[in-house]
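The file final.cif contains mmCIF, C-alpha atoms:
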```cif
data_model
loop_
_atom_site.label_atom_id
_atom_site.label_comp_id
_atom_site.auth_asym_id
_atom_site.auth_seq_id
_atom_site.Cartn_x
_atom_site.Cartn_y
_atom_site.Cartn_z
CA MET A 1 0.18 25.12 11.79
CA LYS A 2 -0.60 24.59 8.13
CA TYR A 3 0.09 21.15 6.69
CA TYR A 4 0.05 20.12 3.04
CA ILE A 5 -0.05 16.33 2.59
CA ILE A 6 0.35 14.38 -0.66
CA ALA A 7 -0.75 10.73 -0.82
CA GLY A 8 -1.27 9.22 -4.26
CA GLU A 9 -2.56 5.70 -3.61
CA ALA A 10 -5.04 3.73 -1.49
CA SER A 11 -2.38 2.72 1.04
CA GLY A 12 -1.24 6.33 1.31
CA ASP A 13 -4.83 7.37 1.98
CA LEU A 14 -5.01 4.90 4.87
CA HIS A 15 -1.74 5.98 6.45
CA GLY A 16 -2.44 9.62 5.70
CA SER A 17 -5.77 9.46 7.51
CA ASN A 18 -4.15 8.06 10.67
CA LEU A 19 -1.35 10.63 10.46
CA MET A 20 -3.93 13.41 10.13
CA LYS A 21 -5.72 12.18 13.27
CA ALA A 22 -2.43 12.32 15.15
CA LEU A 23 -1.60 15.78 13.76
CA TYR A 24 -4.99 17.11 14.86
CA GLN A 25 -4.45 15.57 18.29
CA ASN A 26 -1.16 17.46 18.66
CA ASP A 27 -2.43 20.59 16.93
CA PRO A 28 -6.27 20.90 17.04
CA GLN A 29 -6.23 24.27 15.25
CA SER A 30 -4.18 23.03 12.32
CA GLU A 31 -5.15 23.61 8.70
CA ILE A 32 -4.62 20.67 6.36
CA ARG A 33 -4.87 20.53 2.58
CA PHE A 34 -4.21 17.16 1.01
CA TRP A 35 -4.11 14.90 -1.99
CA GLY A 36 -5.58 11.58 -0.88
CA GLY A 37 -8.85 9.72 -0.69
CA ASP A 38 -12.04 9.02 1.21
CA LEU A 39 -10.35 8.02 4.47
CA MET A 40 -8.36 11.25 4.69
CA GLN A 41 -11.42 13.25 3.70
CA ALA A 42 -13.39 11.67 6.56
CA VAL A 43 -10.83 12.98 9.06
CA GLY A 44 -11.16 16.61 7.99
CA GLY A 45 -9.18 19.23 6.12
CA THR A 46 -9.56 20.04 2.42
CA LEU A 47 -9.25 17.42 -0.31
CA VAL A 48 -7.45 18.86 -3.34
CA LYS A 49 -7.35 15.80 -5.61
CA HIS A 50 -8.47 12.21 -5.14
CA TYR A 51 -5.85 9.51 -5.69
CA ARG A 52 -8.05 7.78 -8.27
CA GLU A 53 -7.07 10.65 -10.60
CA LEU A 54 -3.39 9.97 -10.02
CA ALA A 55 -2.78 6.21 -9.93
CA PHE A 56 -1.10 4.77 -13.02
CA MET A 57 0.57 1.35 -12.90
CA GLY A 58 3.72 0.22 -14.68
CA PHE A 59 6.24 1.91 -16.93
CA ALA A 60 4.19 1.73 -20.12
CA GLU A 61 1.08 3.06 -18.38
CA VAL A 62 2.97 6.01 -16.92
CA VAL A 63 4.29 6.97 -20.36
CA ALA A 64 0.80 6.75 -21.83
CA ASN A 65 -0.54 9.14 -19.16
CA LEU A 66 2.45 11.48 -19.04
CA GLY A 67 0.42 14.54 -20.06
CA THR A 68 -1.99 14.10 -17.16
CA ILE A 69 0.87 13.56 -14.72
CA LEU A 70 2.66 16.73 -15.82
CA ARG A 71 -0.53 18.77 -15.49
CA ASN A 72 -1.03 17.42 -11.97
CA ILE A 73 2.53 18.36 -11.03
CA SER A 74 2.04 21.91 -12.29
CA PHE A 75 -1.28 22.24 -10.46
CA CYS A 76 0.20 20.89 -7.23
CA LYS A 77 3.03 23.43 -7.21
CA LYS A 78 0.57 26.27 -7.75
CA ASP A 79 -1.69 25.02 -4.96
CA ILE A 80 1.18 24.73 -2.47
CA SER A 81 2.36 28.23 -3.34
CA GLU A 82 -1.09 29.67 -2.69
CA PHE A 83 -1.58 27.74 0.58
CA GLN A 84 1.89 28.52 2.00
CA PRO A 85 2.09 25.58 4.43
CA ASP A 86 4.49 25.34 7.37
CA VAL A 87 5.48 21.89 6.11
CA VAL A 88 4.80 19.68 3.10
CA ILE A 89 4.37 16.02 4.09
CA PHE A 90 4.90 13.44 1.37
CA ILE A 91 3.53 9.91 1.78
CA ASP A 92 5.19 7.27 -0.39
CA TYR A 93 4.26 7.78 -4.13
CA PRO A 94 7.86 8.69 -5.07
CA GLY A 95 7.50 9.29 -8.82
CA PHE A 96 5.25 12.28 -8.17
CA ASN A 97 6.31 13.31 -4.68
CA MET A 98 10.03 13.55 -5.35
CA ARG A 99 9.40 15.94 -8.22
CA ILE A 100 7.29 18.16 -6.00
CA ALA A 101 9.81 17.95 -3.14
CA LYS A 102 12.66 19.15 -5.34
CA TRP A 103 10.66 22.25 -6.22
CA ALA A 104 9.27 22.76 -2.69
CA LYS A 105 12.71 22.66 -1.08
CA LYS A 106 13.98 25.31 -3.48
CA GLN A 107 10.98 27.47 -2.59
CA GLY A 108 11.93 27.30 1.08
CA PHE A 109 9.19 24.95 2.29
CA LYS A 110 9.97 22.36 4.96
CA THR A 111 9.79 18.90 3.42
CA HIS A 112 9.08 15.71 5.39
CA TYR A 113 8.79 12.25 3.84
CA TYR A 114 6.64 9.66 5.63
CA ILE A 115 7.13 6.11 4.32
CA ALA A 116 10.42 6.23 2.48
CA PRO A 117 10.61 5.46 -1.24
CA GLN A 118 11.93 1.95 -1.79
CA VAL A 119 15.33 2.99 -3.07
CA TRP A 120 16.73 -0.19 -1.55
CA ALA A 121 14.75 -2.04 -4.26
CA TRP A 122 15.61 0.04 -7.30
CA LYS A 123 16.80 3.50 -8.30
CA GLU A 124 19.25 3.64 -5.41
CA ASN A 125 20.73 6.74 -7.01
CA ARG A 126 17.63 8.56 -5.76
CA ILE A 127 19.34 8.76 -2.38
CA LYS A 128 21.14 11.88 -3.62
CA ALA A 129 17.83 13.60 -4.27
CA ILE A 130 16.44 12.44 -0.93
CA LYS A 131 19.39 13.93 0.94
CA ARG A 132 19.06 17.16 -1.02
CA ASP A 133 15.29 17.63 -1.01
CA PHE A 134 13.97 16.30 2.33
CA ASP A 135 14.48 17.75 5.78
CA LYS A 136 13.15 14.64 7.53
CA LEU A 137 12.62 11.01 6.52
CA TYR A 138 10.42 8.59 8.48
CA VAL A 139 10.93 4.90 7.65
CA ILE A 140 8.57 2.04 8.45
CA LEU A 141 10.59 -1.10 7.67
CA PRO A 142 13.24 -2.26 10.17
CA PHE A 143 16.00 -2.80 7.61
CA GLU A 144 15.57 0.69 6.13
CA LYS A 145 17.22 2.47 9.06
CA ASP A 146 20.49 0.61 8.51
CA PHE A 147 20.22 1.11 4.76
CA PHE A 148 19.97 4.88 5.01
CA GLU A 149 22.20 5.50 8.02
CA LYS A 150 24.97 2.91 7.65
CA LYS A 151 25.14 2.62 3.88
CA HIS A 152 24.34 6.22 2.93
CA ASN A 153 25.11 8.24 6.08
CA TYR A 154 21.67 9.85 6.12
CA PRO A 155 19.91 9.99 9.53
CA VAL A 156 16.28 8.79 9.55
CA ASP A 157 13.62 7.98 12.14
CA PHE A 158 12.24 4.43 12.30
CA VAL A 159 8.65 4.85 13.48
CA GLY A 160 7.33 1.30 13.07
CA HIS A 161 4.81 0.15 10.51
CA PRO A 162 1.50 2.08 10.40
CA LEU A 163 -0.39 -1.02 9.28
CA ILE A 164 -0.13 -2.38 12.81
CA ASP A 165 -2.05 0.67 14.03
CA ALA A 166 -4.58 0.48 11.24
CA ILE A 167 -5.33 -3.18 11.86
CA HIS A 168 -5.37 -2.83 15.64
CA ASN A 169 -7.84 0.07 15.45
CA HIS A 170 -10.16 -1.63 12.97
CA PRO A 171 -13.40 -2.88 14.56
CA VAL A 172 -13.54 -6.61 15.20
CA THR A 173 -15.69 -8.35 12.61
CA ASP A 174 -18.21 -10.97 13.68
CA GLU A 175 -18.00 -13.72 11.07
CA SER A 176 -21.66 -14.67 11.29
CA ASP A 177 -22.81 -11.05 10.96
CA PHE A 178 -20.40 -10.43 8.07
CA LYS A 179 -21.67 -13.43 6.15
CA THR A 180 -25.30 -12.54 6.76
CA THR A 181 -24.86 -8.89 5.82
CA ASN A 182 -23.05 -9.75 2.60
CA LYS A 183 -25.31 -12.70 1.69
CA LEU A 184 -22.58 -15.30 2.06
CA ASP A 185 -23.12 -18.92 2.97
CA ASP A 186 -21.46 -20.98 5.73
CA ARG A 187 -18.47 -22.21 3.72
CA PRO A 188 -14.95 -20.96 4.59
CA ILE A 189 -13.95 -17.85 2.64
CA ILE A 190 -11.15 -17.52 0.11
CA ALA A 191 -10.52 -13.78 -0.30
CA LEU A 192 -9.45 -12.41 -3.68
CA LEU A 193 -7.53 -9.14 -3.55
CA PRO A 194 -6.79 -8.20 -7.19
CA GLY A 195 -5.45 -4.71 -6.48
CA SER A 196 -6.78 -1.18 -6.58
CA ARG A 197 -6.06 0.09 -10.12
CA LYS A 198 -8.10 -0.84 -13.14
CA GLN A 199 -5.08 -2.04 -15.10
CA GLU A 200 -3.96 -4.51 -12.46
CA ILE A 201 -7.45 -5.68 -11.52
CA SER A 202 -8.15 -6.56 -15.15
CA LYS A 203 -4.92 -8.54 -15.40
CA MET A 204 -5.22 -10.32 -12.06
CA LEU A 205 -8.88 -11.09 -11.48
CA LYS A 206 -9.53 -13.04 -14.67
CA GLU A 207 -6.80 -15.55 -13.82
CA MET A 208 -7.73 -15.79 -10.15
CA LEU A 209 -11.30 -16.74 -11.03
CA ARG A 210 -10.27 -19.67 -13.21
CA ILE A 211 -9.72 -21.94 -10.20
CA VAL A 212 -13.00 -21.27 -8.37
CA SER A 213 -14.69 -24.46 -9.60
CA ASP A 214 -11.75 -26.53 -8.26
CA PHE A 215 -12.63 -25.59 -4.67
CA PRO A 216 -16.40 -26.15 -4.30
CA GLU A 217 -16.13 -26.51 -0.51
CA TYR A 218 -15.03 -22.84 -0.28
CA GLN A 219 -16.67 -19.58 -1.29
CA PHE A 220 -14.64 -16.96 -3.12
CA VAL A 221 -15.19 -13.31 -2.27
CA ILE A 222 -13.68 -10.40 -4.22
CA ALA A 223 -12.45 -7.42 -2.22
CA GLY A 224 -13.57 -4.40 -4.22
CA ALA A 225 -11.20 -1.44 -4.06
CA PRO A 226 -12.64 1.81 -2.68
CA SER A 227 -11.42 3.61 -5.80
CA GLN A 228 -13.50 1.48 -8.19
CA GLU A 229 -17.23 1.20 -8.82
CA TYR A 230 -19.14 -2.10 -8.84
CA LEU A 231 -19.86 -1.66 -12.56
CA PHE A 232 -16.17 -2.18 -13.28
CA TYR A 233 -16.20 -5.59 -11.57
CA GLU A 234 -19.56 -6.71 -12.92
CA PRO A 235 -18.27 -8.30 -16.18
CA PHE A 236 -15.94 -10.56 -14.18
CA LEU A 237 -18.83 -11.87 -12.09
CA GLN A 238 -21.26 -12.81 -14.83
CA GLY A 239 -22.00 -16.52 -14.95
CA LYS A 240 -19.92 -17.26 -11.84
CA SER A 241 -20.96 -18.00 -8.26
CA ILE A 242 -18.64 -15.33 -6.88
CA LYS A 243 -19.47 -12.85 -4.15
CA PHE A 244 -18.28 -9.25 -4.08
CA VAL A 245 -17.82 -6.81 -1.20
CA SER A 246 -16.79 -3.22 -1.76
CA ASN A 247 -14.48 -1.22 0.50
CA LYS A 248 -14.54 -3.90 3.23
CA THR A 249 -11.14 -5.48 2.73
CA TYR A 250 -10.21 -5.49 6.44
CA ASP A 251 -13.58 -6.97 7.40
CA LEU A 252 -13.08 -9.64 4.75
CA LEU A 253 -9.54 -10.49 5.87
CA ARG A 254 -10.70 -10.73 9.47
CA VAL A 255 -12.91 -13.72 8.54
CA ALA A 256 -11.01 -15.20 5.56
CA HIS A 257 -9.53 -18.71 5.61
CA ALA A 258 -7.00 -18.01 2.84
CA ALA A 259 -6.32 -15.37 0.17
CA LEU A 260 -4.93 -14.69 -3.29
CA VAL A 261 -3.32 -11.27 -3.14
CA THR A 262 -1.85 -8.97 -5.76
CA SER A 263 1.64 -7.84 -4.79
CA GLY A 264 1.73 -4.60 -2.85
CA THR A 265 0.79 -3.36 0.61
CA ALA A 266 -2.08 -5.85 0.71
CA THR A 267 0.37 -8.75 1.04
CA LEU A 268 1.56 -7.36 4.38
CA GLU A 269 -1.96 -6.52 5.51
CA THR A 270 -3.05 -10.08 4.80
CA ALA A 271 -0.14 -11.49 6.81
CA LEU A 272 -0.85 -9.20 9.77
CA PHE A 273 -4.46 -10.44 9.76
CA LYS A 274 -2.91 -13.94 9.97
CA VAL A 275 -4.46 -15.14 6.70
CA PRO A 276 -2.43 -17.68 4.69
CA GLU A 277 -1.84 -16.19 1.23
CA VAL A 278 -0.38 -16.61 -2.23
CA VAL A 279 1.17 -13.46 -3.66
CA CYS A 280 0.35 -12.83 -7.32
CA TYR A 281 1.67 -10.37 -9.87
CA ARG A 282 1.41 -9.77 -13.58
CA THR A 283 1.98 -6.62 -15.59
CA SER A 284 2.43 -5.80 -19.26
CA LYS A 285 5.30 -7.58 -21.03
CA ILE A 286 7.08 -4.29 -21.64
CA SER A 287 6.82 -3.19 -18.02
CA TYR A 288 7.95 -6.60 -16.79
CA GLN A 289 11.00 -6.73 -19.03
CA ILE A 290 12.06 -3.27 -17.92
CA ALA A 291 11.50 -4.13 -14.25
CA LYS A 292 13.56 -7.32 -14.51
CA ARG A 293 16.56 -5.32 -15.66
CA ILE A 294 16.51 -2.71 -12.91
CA ILE A 295 15.11 -4.48 -9.85
CA THR A 296 17.51 -6.92 -8.22
CA LEU A 297 15.52 -7.99 -5.15
CA LYS A 298 15.10 -11.67 -4.32
CA TYR A 299 11.39 -11.20 -3.57
CA ILE A 300 8.52 -8.91 -4.52
CA SER A 301 6.29 -9.25 -1.45
CA LEU A 302 6.88 -7.20 1.69
CA VAL A 303 6.39 -10.30 3.82
CA ASN A 304 9.37 -12.07 2.25
CA LEU A 305 11.49 -8.93 2.06
CA ILE A 306 11.10 -8.17 5.75
CA MET A 307 11.71 -11.78 6.78
CA ASP A 308 14.50 -12.15 4.19
CA GLU A 309 13.23 -15.61 3.28
CA LEU A 310 10.50 -17.20 1.18
CA VAL A 311 7.62 -17.24 3.65
CA VAL A 312 4.75 -16.81 1.18
CA THR A 313 4.75 -18.15 -2.38
CA GLU A 314 5.10 -15.58 -5.16
CA LEU A 315 3.52 -16.31 -8.53
CA ILE A 316 5.00 -13.76 -10.92
CA GLN A 317 4.17 -13.14 -14.59
CA ASP A 318 4.08 -16.53 -16.42
CA ASP A 319 4.01 -18.43 -13.12
CA PHE A 320 0.75 -16.67 -12.37
CA ASN A 321 -1.53 -19.21 -14.06
CA SER A 322 -4.45 -21.37 -13.04
CA VAL A 323 -2.37 -24.54 -12.62
CA ARG A 324 0.10 -22.93 -10.19
CA ILE A 325 -2.61 -21.01 -8.37
CA LYS A 326 -4.51 -24.24 -7.75
CA GLU A 327 -1.38 -26.00 -6.46
CA GLU A 328 -0.51 -23.23 -4.03
CA LEU A 329 -4.05 -22.71 -2.80
CA GLN A 330 -4.29 -26.41 -1.97
CA LYS A 331 -1.26 -25.93 0.30
CA LEU A 332 -2.92 -23.01 2.09
CA VAL A 333 -5.88 -25.12 3.17
CA ASP A 334 -3.63 -27.91 4.50
CA PRO A 335 -3.51 -27.67 8.34
CA ILE A 336 0.20 -28.50 8.69
CA TYR A 337 1.30 -25.95 6.07
CA ARG A 338 -1.03 -23.32 7.55
CA ASN A 339 0.40 -23.70 11.05
CA GLN A 340 3.97 -23.33 9.79
CA LEU A 341 3.02 -20.19 7.89
CA LEU A 342 1.17 -18.64 10.83
CA LYS A 343 4.25 -19.07 13.05
CA LYS A 344 6.25 -17.11 10.50
CA TYR A 345 3.57 -14.40 10.54
CA ASP A 346 4.08 -14.03 14.30
CA GLU A 347 7.81 -13.50 13.74
CA LEU A 348 7.03 -10.94 11.06
CA GLU A 349 4.87 -8.87 13.39
CA GLN A 350 7.57 -8.80 16.05
CA LYS A 351 10.09 -7.45 13.53
CA LEU A 352 7.80 -4.59 12.58
CA GLY A 353 7.70 -3.08 16.05
CA GLY A 354 4.73 -2.08 18.14
CA LEU A 355 1.83 0.28 17.94
CA GLY A 356 2.07 4.04 17.46
CA ALA A 357 3.72 4.70 14.08
CA SER A 358 1.29 7.49 13.17
CA GLN A 359 1.58 9.22 16.53
CA LYS A 360 5.38 8.90 16.57
CA THR A 361 5.55 10.50 13.13
CA ALA A 362 3.16 13.30 14.10
CA ASN A 363 5.24 13.96 17.22
CA HIS A 364 8.45 14.17 15.16
CA ILE A 365 6.79 16.63 12.76
CA TRP A 366 5.34 18.75 15.56
CA ASN A 367 8.63 18.88 17.49
CA SER A 368 10.55 19.86 14.36
CA LEU A 369 8.17 22.77 13.76
CA THR A 370 8.04 23.88 17.40
CA PRO A 371 11.53 23.18 18.77
CA HIS A 372 11.81 23.21 22.54
CA VAL A 373 14.58 25.14 24.19
#
```
Please express the file's structure as structure tokens.
Amino acid sequence: MKYYIIAGEASGDLHGSNLMKALYQNDPQSEIRFWGGDLMQAVGGTLVKHYRELAFMGFAEVVANLGTILRNISFCKKDISEFQPDVVIFIDYPGFNMRIAKWAKKQGFKTHYYIAPQVWAWKENRIKAIKRDFDKLYVILPFEKDFFEKKHNYPVDFVGHPLIDAIHNHPVTDESDFKTTNKLDDRPIIALLPGSRKQEISKMLKEMLRIVSDFPEYQFVIAGAPSQEYLFYEPFLQGKSIKFVSNKTYDLLRVAHAALVTSGTATLETALFKVPEVVCYRTSKISYQIAKRIITLKYISLVNLIMDELVVTELIQDDFNSVRIKEELQKLVDPIYRNQLLKKYDELEQKLGGLGASQKTANHIWNSLTPHV
């Protein structure tokens, strides 16, 4: 079989890589072309475009880069036409992927969507396009199945959350070895996860670093995104006793005592590693004002959305400041508060289902392409 996979972000690269492993296991002779990143490239197949060329954050940023986005869409259509895959597999990244899917469906290609777009959060009218343009939809959050099937009469497959697989399969990190290798001292670690895109890192990291001197008994370590070079982070580190590790976020979370995390997939990853966290988010004023008017969710973090309660504190926009960060971080290092939070993390993991999301999805795809009589 020939598979064409489109993942446009770091999280999509992670889940895409595990899906590719499962596809190869079912179909060792398969041909795969993909848009993704280093993790997918390490599995095999042919990388068409790296996600670092695609990731733009916020409404204003998307408008500013509209020309590049349109050129990428045109190129993608041409590449799919030339490759003639048996199925096009879309991973999250709805702004780009739904445009391609609309075209691909009209061209007669099979279209499968792994990790449903969050239409339950905003743009619920996209459900019409999803029904029209996708042959199969694989959802990873427990409440999504009811949303699509009961509210919108659209059958989907709940496959569980692929992060459970990714974390389970990640090698166990020895704390002593990690600290020695990365020239860290013996103090407990506060992990800083400022995001993966330059725009968000610039906004988040400067504020996160303001409170370092208030916690001298801890060492702060920045998790460098695989899509960014050290030179980008270097100005933030000058004159500060901050450590930096690149492309080792899971290793860092495995040994971290607490974390400040930019809203996104990383908030769920941090919780599944059982690290007490504060969720942080700030974007441009224009993007924030637009978002406030169209997003009606009670929470922004996946942890709170899945649990449907305020489990982890969210510091959003003006609340994301050094005073509030300090207050919330002090809670995270308090033993009583930590134990309460960790119990909630255990409940969260149970809700997400067990291992095998990638393999379940690959099996669904394979069975749909090779129906058994």
Would you kindly return, as a list in words, each protein, DNA or RNA residue with an atom no farther than 9 Å from any atom of Pro155 of chain A, considering only C-alpha atoms and excluding same-chain residues fewer than 3 positions away?
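Skipping anything fewer than 3 positions along the chain leaves Lys136, Leu137, Lys145, Phe148, Glu149, Lys150 and His152 of chain A.
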Writer output for current selection, C-alpha atoms, as a CSV table (one decimal), keeping the file's coordinate frame:
```csv
chain,number,residue,atom,x,y,z
A,136,LYS,CA,13.2,14.6,7.5
A,137,LEU,CA,12.6,11.0,6.5
A,145,LYS,CA,17.2,2.5,9.1
A,148,PHE,CA,20.0,4.9,5.0
A,149,GLU,CA,22.2,5.5,8.0
A,150,LYS,CA,25.0,2.9,7.6
A,152,HIS,CA,24.3,6.2,2.9
```
Mind giving me the axis-aligned box for segment 144-157 of chain A with 4 Å on every side, centre plus edges in Å to one decimal, as JSON?
```
{"center_x": 19.4, "center_y": 5.3, "center_z": 7.5, "size_x": 19.5, "size_y": 17.4, "size_z": 17.2}
```
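Of the residues listed (A:Lys331, A:Lys274, A:His161, A:Lys49), A:His161 shows the shortest atom-to-atom separation from Ser358 of chain A; distances use only C-alpha atoms.
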Which residues, protein or nucleic acid, reach to within 12 Å of (7.9, -11.7, 1.6) in the file's coordinates when using all atoms listed in the file, and can you give that as a PDB file with C-alpha atoms, in the frame of the given file?
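point-v8.pdb, freshly written:
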```
ATOM      1  CA  SER A 263       1.640  -7.840  -4.790  1.00  0.00           C
ATOM      2  CA  GLY A 264       1.730  -4.600  -2.850  1.00  0.00           C
ATOM      3  CA  THR A 265       0.790  -3.360   0.610  1.00  0.00           C
ATOM      4  CA  ALA A 266      -2.080  -5.850   0.710  1.00  0.00           C
ATOM      5  CA  THR A 267       0.370  -8.750   1.040  1.00  0.00           C
ATOM      6  CA  LEU A 268       1.560  -7.360   4.380  1.00  0.00           C
ATOM      7  CA  GLU A 269      -1.960  -6.520   5.510  1.00  0.00           C
ATOM      8  CA  THR A 270      -3.050 -10.080   4.800  1.00  0.00           C
ATOM      9  CA  ALA A 271      -0.140 -11.490   6.810  1.00  0.00           C
ATOM     10  CA  GLU A 277      -1.840 -16.190   1.230  1.00  0.00           C
ATOM     11  CA  VAL A 278      -0.380 -16.610  -2.230  1.00  0.00           C
ATOM     12  CA  VAL A 279       1.170 -13.460  -3.660  1.00  0.00           C
ATOM     13  CA  CYS A 280       0.350 -12.830  -7.320  1.00  0.00           C
ATOM     14  CA  LEU A 297      15.520  -7.990  -5.150  1.00  0.00           C
ATOM     15  CA  LYS A 298      15.100 -11.670  -4.320  1.00  0.00           C
ATOM     16  CA  TYR A 299      11.390 -11.200  -3.570  1.00  0.00           C
ATOM     17  CA  ILE A 300       8.520  -8.910  -4.520  1.00  0.00           C
ATOM     18  CA  SER A 301       6.290  -9.250  -1.450  1.00  0.00           C
ATOM     19  CA  LEU A 302       6.880  -7.200   1.690  1.00  0.00           C
ATOM     20  CA  VAL A 303       6.390 -10.300   3.820  1.00  0.00           C
ATOM     21  CA  ASN A 304       9.370 -12.070   2.250  1.00  0.00           C
ATOM     22  CA  LEU A 305      11.490  -8.930   2.060  1.00  0.00           C
ATOM     23  CA  ILE A 306      11.100  -8.170   5.750  1.00  0.00           C
ATOM     24  CA  MET A 307      11.710 -11.780   6.780  1.00  0.00           C
ATOM     25  CA  ASP A 308      14.500 -12.150   4.190  1.00  0.00           C
ATOM     26  CA  GLU A 309      13.230 -15.610   3.280  1.00  0.00           C
ATOM     27  CA  LEU A 310      10.500 -17.200   1.180  1.00  0.00           C
ATOM     28  CA  VAL A 311       7.620 -17.240   3.650  1.00  0.00           C
ATOM     29  CA  VAL A 312       4.750 -16.810   1.180  1.00  0.00           C
ATOM     30  CA  THR A 313       4.750 -18.150  -2.380  1.00  0.00           C
ATOM     31  CA  GLU A 314       5.100 -15.580  -5.160  1.00  0.00           C
ATOM     32  CA  LEU A 315       3.520 -16.310  -8.530  1.00  0.00           C
ATOM     33  CA  LEU A 341       3.020 -20.190   7.890  1.00  0.00           C
ATOM     34  CA  LYS A 344       6.250 -17.110  10.500  1.00  0.00           C
ATOM     35  CA  TYR A 345       3.570 -14.400  10.540  1.00  0.00           C
ATOM     36  CA  LEU A 348       7.030 -10.940  11.060  1.00  0.00           C
TER      37      LEU A 348
END
```
Nearest-residue call for Pro171 of chain A, choices A:Trp366, A:Arg254, A:Asp86, A:Asp27, using all atoms listed in the file
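Checking each of A:Trp366, A:Arg254, A:Asp86, A:Asp27 against Pro171 of chain A, counting all atoms listed in the file, the winner is A:Arg254.
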Output check: residues returned by the PyMOL selection byres ((chain A and resi 316-324) around 7), as an NGL selection string
:A and (207 or 210-211 or 280-283 or 314-315 or 325-328)
So what does the PyMOL selection byres ((chain A and resi 241) around 9) actually pick up in this one, as a ChimeraX atom specification?
/A:212,219-220,237-240,242-243
Distance atom CA of Lys102 of chain A-atom CA of Asp133 of chain A, one decimal place?
5.3 Å
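Remark: for Tyr250 of chain A, the closest of the candidate residues A:Thr181, A:Gln25, A:Gln228, A:Thr173 is A:Thr173 (distances computed over all atoms listed in the file).
Checking A:Ala7, A:Leu352, A:Ile167, A:Ile365 one by one against Met40 of chain A, counting all atoms listed in the file, you find the shortest gap at A:Ala7.
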Take the point (-5.3, 18.4, -3.7) as written in the file and pick out every residue within 10 Å of it, counting only C-alpha atoms; give the list as a list in words.
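Those within range, by chain then number, are Tyr4, Ile5, Ile6, Ala7, Arg33, Phe34, Trp35, Gly36, Gly37, Thr46, Leu47, Val48, Lys49, His50, Tyr51, Asn72, Phe75, Cys76, Asp79 and Ile80 of chain A.
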Write a file of the just-selected residues containing C-alpha atoms, as a PDB file, in the frame of the given file.
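See selection-v3.pdb below for the written result:
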```
ATOM      1  CA  TYR A   4       0.050  20.120   3.040  1.00  0.00           C
ATOM      2  CA  ILE A   5      -0.050  16.330   2.590  1.00  0.00           C
ATOM      3  CA  ILE A   6       0.350  14.380  -0.660  1.00  0.00           C
ATOM      4  CA  ALA A   7      -0.750  10.730  -0.820  1.00  0.00           C
ATOM      5  CA  ARG A  33      -4.870  20.530   2.580  1.00  0.00           C
ATOM      6  CA  PHE A  34      -4.210  17.160   1.010  1.00  0.00           C
ATOM      7  CA  TRP A  35      -4.110  14.900  -1.990  1.00  0.00           C
ATOM      8  CA  GLY A  36      -5.580  11.580  -0.880  1.00  0.00           C
ATOM      9  CA  GLY A  37      -8.850   9.720  -0.690  1.00  0.00           C
ATOM     10  CA  THR A  46      -9.560  20.040   2.420  1.00  0.00           C
ATOM     11  CA  LEU A  47      -9.250  17.420  -0.310  1.00  0.00           C
ATOM     12  CA  VAL A  48      -7.450  18.860  -3.340  1.00  0.00           C
ATOM     13  CA  LYS A  49      -7.350  15.800  -5.610  1.00  0.00           C
ATOM     14  CA  HIS A  50      -8.470  12.210  -5.140  1.00  0.00           C
ATOM     15  CA  TYR A  51      -5.850   9.510  -5.690  1.00  0.00           C
ATOM     16  CA  ASN A  72      -1.030  17.420 -11.970  1.00  0.00           C
ATOM     17  CA  PHE A  75      -1.280  22.240 -10.460  1.00  0.00           C
ATOM     18  CA  CYS A  76       0.200  20.890  -7.230  1.00  0.00           C
ATOM     19  CA  ASP A  79      -1.690  25.020  -4.960  1.00  0.00           C
ATOM     20  CA  ILE A  80       1.180  24.730  -2.470  1.00  0.00           C
TER      21      ILE A  80
END
```
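Using only C-alpha atoms for every distance, the candidate list A:Ile190, A:Gly44, A:Glu53, A:Ile89 yields A:Ile89 as the residue closest to Tyr3 of chain A.
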A:Pro194, A:Pro235, A:Asn153, A:Gln199: which is nearest Thr249 of chain A, counting only C-alpha atoms?
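Comparing A:Pro194, A:Pro235, A:Asn153, A:Gln199 against Thr249 of chain A, the winner is A:Pro194.
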Hey, what's within 12 Å of Phe147 of chain A if we count all atoms listed in the file and toss same-chain stuff fewer than 4 positions away? As a ChimeraX atom specification, please?
/A:116,118-121,124,127,139,141-143,151-156,158
Check which residues satisfy the PyMOL selection byres ((chain A and resi 85) around 9) in the file shown, then give them as a compact mmCIF listing (two decimals) with C-alpha atoms, keeping the file's coordinate frame.
```txt
# COMPACT_ATOMS: atom_id res chain seq x y z
CA MET A 1 0.18 25.12 11.79
CA LYS A 2 -0.60 24.59 8.13
CA TYR A 3 0.09 21.15 6.69
CA TYR A 4 0.05 20.12 3.04
CA GLU A 31 -5.15 23.61 8.70
CA ILE A 32 -4.62 20.67 6.36
CA ARG A 33 -4.87 20.53 2.58
CA ILE A 80 1.18 24.73 -2.47
CA SER A 81 2.36 28.23 -3.34
CA GLU A 82 -1.09 29.67 -2.69
CA PHE A 83 -1.58 27.74 0.58
CA GLN A 84 1.89 28.52 2.00
CA ASP A 86 4.49 25.34 7.37
CA VAL A 87 5.48 21.89 6.11
CA VAL A 88 4.80 19.68 3.10
CA PHE A 109 9.19 24.95 2.29
CA LYS A 110 9.97 22.36 4.96
```
Within 8 Å of Gly353 of chain A using only C-alpha atoms, minus same-chain residues under 3 positions, as a CSV table (one decimal) with C-alpha atoms, keeping the file's coordinate frame:
```csv
chain,number,residue,atom,x,y,z
A,160,GLY,CA,7.3,1.3,13.1
A,161,HIS,CA,4.8,0.2,10.5
A,349,GLU,CA,4.9,-8.9,13.4
A,350,GLN,CA,7.6,-8.8,16.0
```
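Atom CA of Leu193 of chain A to atom CA of Gly224 of chain A spans 7.7 Å [interatomic distance, one decimal].
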